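Raw my_file23.pdb, PDB, N, CA and C atoms:
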ATOM      1  N   MET A   1       2.151  21.465 -12.189  1.00  0.00           N
ATOM      2  CA  MET A   1       2.910  20.855 -11.108  1.00  0.00           C
ATOM      3  C   MET A   1       2.105  20.849  -9.814  1.00  0.00           C
ATOM      4  N   VAL A   2       1.267  21.843  -9.654  1.00  0.00           N
ATOM      5  CA  VAL A   2       0.482  21.942  -8.426  1.00  0.00           C
ATOM      6  C   VAL A   2      -0.483  20.763  -8.308  1.00  0.00           C
ATOM      7  N   TYR A   3      -1.038  20.312  -9.425  1.00  0.00           N
ATOM      8  CA  TYR A   3      -1.998  19.220  -9.401  1.00  0.00           C
ATOM      9  C   TYR A   3      -1.344  17.853  -9.546  1.00  0.00           C
ATOM     10  N   LEU A   4      -0.080  17.812  -9.903  1.00  0.00           N
ATOM     11  CA  LEU A   4       0.596  16.546 -10.141  1.00  0.00           C
ATOM     12  C   LEU A   4       0.838  15.770  -8.842  1.00  0.00           C
ATOM     13  N   LEU A   5       1.308  16.420  -7.819  1.00  0.00           N
ATOM     14  CA  LEU A   5       1.627  15.719  -6.573  1.00  0.00           C
ATOM     15  C   LEU A   5       0.382  15.144  -5.882  1.00  0.00           C
ATOM     16  N   PRO A   6      -0.722  15.894  -5.769  1.00  0.00           N
ATOM     17  CA  PRO A   6      -1.923  15.265  -5.203  1.00  0.00           C
ATOM     18  C   PRO A   6      -2.436  14.105  -6.054  1.00  0.00           C
ATOM     19  N   PHE A   7      -2.327  14.216  -7.369  1.00  0.00           N
ATOM     20  CA  PHE A   7      -2.755  13.138  -8.255  1.00  0.00           C
ATOM     21  C   PHE A   7      -1.892  11.894  -8.042  1.00  0.00           C
ATOM     22  N   LEU A   8      -0.581  12.073  -7.907  1.00  0.00           N
ATOM     23  CA  LEU A   8       0.304  10.934  -7.642  1.00  0.00           C
ATOM     24  C   LEU A   8      -0.003  10.302  -6.287  1.00  0.00           C
ATOM     25  N   THR A   9      -0.336  11.116  -5.318  1.00  0.00           N
ATOM     26  CA  THR A   9      -0.698  10.601  -4.006  1.00  0.00           C
ATOM     27  C   THR A   9      -1.933   9.718  -4.092  1.00  0.00           C
ATOM     28  N   VAL A  10      -2.933  10.172  -4.818  1.00  0.00           N
ATOM     29  CA  VAL A  10      -4.158   9.388  -4.989  1.00  0.00           C
ATOM     30  C   VAL A  10      -3.859   8.089  -5.735  1.00  0.00           C
ATOM     31  N   LEU A  11      -3.006   8.138  -6.747  1.00  0.00           N
ATOM     32  CA  LEU A  11      -2.640   6.925  -7.483  1.00  0.00           C
ATOM     33  C   LEU A  11      -1.922   5.916  -6.586  1.00  0.00           C
ATOM     34  N   ILE A  12      -1.022   6.396  -5.746  1.00  0.00           N
ATOM     35  CA  ILE A  12      -0.284   5.503  -4.851  1.00  0.00           C
ATOM     36  C   ILE A  12      -1.225   4.881  -3.828  1.00  0.00           C
ATOM     37  N   TRP A  13      -2.108   5.683  -3.226  1.00  0.00           N
ATOM     38  CA  TRP A  13      -3.049   5.158  -2.244  1.00  0.00           C
ATOM     39  C   TRP A  13      -4.033   4.190  -2.880  1.00  0.00           C
ATOM     40  N   GLY A  14      -4.494   4.519  -4.077  1.00  0.00           N
ATOM     41  CA  GLY A  14      -5.409   3.632  -4.787  1.00  0.00           C
ATOM     42  C   GLY A  14      -4.741   2.320  -5.151  1.00  0.00           C
ATOM     43  N   GLY A  15      -3.509   2.401  -5.624  1.00  0.00           N
ATOM     44  CA  GLY A  15      -2.759   1.190  -5.937  1.00  0.00           C
ATOM     45  C   GLY A  15      -2.523   0.334  -4.707  1.00  0.00           C
ATOM     46  N   ASN A  16      -2.259   0.977  -3.597  1.00  0.00           N
ATOM     47  CA  ASN A  16      -2.060   0.260  -2.338  1.00  0.00           C
ATOM     48  C   ASN A  16      -3.330  -0.474  -1.934  1.00  0.00           C
ATOM     49  N   ALA A  17      -4.480   0.154  -2.096  1.00  0.00           N
ATOM     50  CA  ALA A  17      -5.752  -0.489  -1.745  1.00  0.00           C
ATOM     51  C   ALA A  17      -6.003  -1.703  -2.630  1.00  0.00           C
ATOM     52  N   ILE A  18      -5.702  -1.589  -3.912  1.00  0.00           N
ATOM     53  CA  ILE A  18      -5.904  -2.709  -4.830  1.00  0.00           C
ATOM     54  C   ILE A  18      -4.966  -3.865  -4.490  1.00  0.00           C
ATOM     55  N   VAL A  19      -3.713  -3.561  -4.249  1.00  0.00           N
ATOM     56  CA  VAL A  19      -2.737  -4.604  -3.900  1.00  0.00           C
ATOM     57  C   VAL A  19      -3.127  -5.277  -2.587  1.00  0.00           C
ATOM     58  N   ASN A  20      -3.606  -4.514  -1.615  1.00  0.00           N
ATOM     59  CA  ASN A  20      -4.027  -5.102  -0.341  1.00  0.00           C
ATOM     60  C   ASN A  20      -5.209  -6.041  -0.520  1.00  0.00           C
ATOM     61  N   LYS A  21      -6.164  -5.675  -1.353  1.00  0.00           N
ATOM     62  CA  LYS A  21      -7.320  -6.553  -1.591  1.00  0.00           C
ATOM     63  C   LYS A  21      -6.895  -7.849  -2.268  1.00  0.00           C
ATOM     64  N   ILE A  22      -5.980  -7.760  -3.225  1.00  0.00           N
ATOM     65  CA  ILE A  22      -5.501  -8.964  -3.907  1.00  0.00           C
ATOM     66  C   ILE A  22      -4.675  -9.818  -2.942  1.00  0.00           C
ATOM     67  N   ALA A  23      -3.809  -9.177  -2.185  1.00  0.00           N
ATOM     68  CA  ALA A  23      -2.922  -9.913  -1.285  1.00  0.00           C
ATOM     69  C   ALA A  23      -3.675 -10.526  -0.107  1.00  0.00           C
ATOM     70  N   SER A  24      -4.806  -9.961   0.278  1.00  0.00           N
ATOM     71  CA  SER A  24      -5.531 -10.493   1.430  1.00  0.00           C
ATOM     72  C   SER A  24      -6.104 -11.873   1.155  1.00  0.00           C
ATOM     73  N   SER A  25      -6.308 -12.217  -0.119  1.00  0.00           N
ATOM     74  CA  SER A  25      -6.774 -13.570  -0.429  1.00  0.00           C
ATOM     75  C   SER A  25      -5.618 -14.566  -0.470  1.00  0.00           C
ATOM     76  N   ILE A  26      -4.388 -14.068  -0.529  1.00  0.00           N
ATOM     77  CA  ILE A  26      -3.211 -14.938  -0.611  1.00  0.00           C
ATOM     78  C   ILE A  26      -2.493 -15.008   0.740  1.00  0.00           C
ATOM     79  N   ILE A  27      -2.345 -13.861   1.381  1.00  0.00           N
ATOM     80  CA  ILE A  27      -1.600 -13.751   2.643  1.00  0.00           C
ATOM     81  C   ILE A  27      -2.585 -13.435   3.760  1.00  0.00           C
ATOM     82  N   GLU A  28      -2.396 -14.060   4.910  1.00  0.00           N
ATOM     83  CA  GLU A  28      -3.255 -13.763   6.062  1.00  0.00           C
ATOM     84  C   GLU A  28      -3.037 -12.315   6.499  1.00  0.00           C
ATOM     85  N   PRO A  29      -4.099 -11.653   6.965  1.00  0.00           N
ATOM     86  CA  PRO A  29      -3.952 -10.253   7.388  1.00  0.00           C
ATOM     87  C   PRO A  29      -2.922 -10.050   8.494  1.00  0.00           C
ATOM     88  N   SER A  30      -2.827 -10.998   9.424  1.00  0.00           N
ATOM     89  CA  SER A  30      -1.825 -10.851  10.483  1.00  0.00           C
ATOM     90  C   SER A  30      -0.412 -10.949   9.920  1.00  0.00           C
ATOM     91  N   ALA A  31      -0.196 -11.826   8.955  1.00  0.00           N
ATOM     92  CA  ALA A  31       1.119 -11.940   8.328  1.00  0.00           C
ATOM     93  C   ALA A  31       1.426 -10.689   7.513  1.00  0.00           C
ATOM     94  N   MET A  32       0.409 -10.147   6.853  1.00  0.00           N
ATOM     95  CA  MET A  32       0.603  -8.927   6.075  1.00  0.00           C
ATOM     96  C   MET A  32       1.027  -7.774   6.980  1.00  0.00           C
ATOM     97  N   SER A  33       0.395  -7.684   8.127  1.00  0.00           N
ATOM     98  CA  SER A  33       0.757  -6.638   9.089  1.00  0.00           C
ATOM     99  C   SER A  33       2.178  -6.853   9.610  1.00  0.00           C
ATOM    100  N   PHE A  34       2.516  -8.098   9.893  1.00  0.00           N
ATOM    101  CA  PHE A  34       3.863  -8.403  10.377  1.00  0.00           C
ATOM    102  C   PHE A  34       4.906  -8.005   9.344  1.00  0.00           C
ATOM    103  N   TYR A  35       4.715  -8.404   8.091  1.00  0.00           N
ATOM    104  CA  TYR A  35       5.688  -8.101   7.041  1.00  0.00           C
ATOM    105  C   TYR A  35       5.756  -6.604   6.751  1.00  0.00           C
ATOM    106  N   ARG A  36       4.650  -5.926   6.902  1.00  0.00           N
ATOM    107  CA  ARG A  36       4.645  -4.484   6.670  1.00  0.00           C
ATOM    108  C   ARG A  36       5.534  -3.773   7.684  1.00  0.00           C
ATOM    109  N   TRP A  37       5.543  -4.246   8.928  1.00  0.00           N
ATOM    110  CA  TRP A  37       6.376  -3.639   9.951  1.00  0.00           C
ATOM    111  C   TRP A  37       7.808  -4.177   9.933  1.00  0.00           C
ATOM    112  N   ARG A  38       7.952  -5.429   9.502  1.00  0.00           N
ATOM    113  CA  ARG A  38       9.267  -6.069   9.548  1.00  0.00           C
ATOM    114  C   ARG A  38      10.169  -5.693   8.380  1.00  0.00           C
ATOM    115  N   LEU A  39       9.613  -5.633   7.187  1.00  0.00           N
ATOM    116  CA  LEU A  39      10.422  -5.356   6.005  1.00  0.00           C
ATOM    117  C   LEU A  39      10.534  -3.848   5.765  1.00  0.00           C
ATOM    118  N   PRO A  40      11.767  -3.338   5.702  1.00  0.00           N
ATOM    119  CA  PRO A  40      11.906  -1.910   5.417  1.00  0.00           C
ATOM    120  C   PRO A  40      11.672  -1.640   3.924  1.00  0.00           C
ATOM    121  N   CYS A  41      10.817  -0.688   3.651  1.00  0.00           N
ATOM    122  CA  CYS A  41      10.532  -0.332   2.253  1.00  0.00           C
ATOM    123  C   CYS A  41      10.826   1.121   2.003  1.00  0.00           C
TER     124      CYS A  41
END

The structure given in the file should be rewritten as structure tokens.
Amino acid sequence: MVYLLPFLTVLIWGGNAIVNKIASSIIEPSAMSFYRWRLPC
């Protein structure tokens, strides 16, 4: 359990980086920033 939470954190951050790279070719960075602040997640 001690190693599970840091591992999940790395997976979430890594997944976020991959999604951002894919989305940056589809969505403008300024729009991505706007939606990140506008939409509650």

Just the residues within 8 Å of Met32 of chain A, please, counting all atoms listed in the file, with nothing from its chain fewer than 6 positions along; format it as a PyMOL selection string. chain A and resi 23-24+38

What does the distance between atom CA of Asn16 of chain A and atom CA of Pro40 of chain A come to in Å, to one decimal place? 16.1 Å

Taking only chain A into account, list the residues labelled alpha helix (DSSP H) by DSSP (computed from the backbone), as a ChimeraX atom specification. /A:4-24,29-38

Axis-aligned box over every listed atom of segment 10-16 of chain A, padded by 3 Å per side: centre and edges in Å to one decimal, as JSON?
{"center_x": -2.8, "center_y": 4.8, "center_z": -4.7, "size_x": 11.1, "size_y": 16.6, "size_z": 11.5}

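The spacing separating atom N of Lys21 of chain A from atom N of Ser33 of chain A amounts to 11.7 Å.
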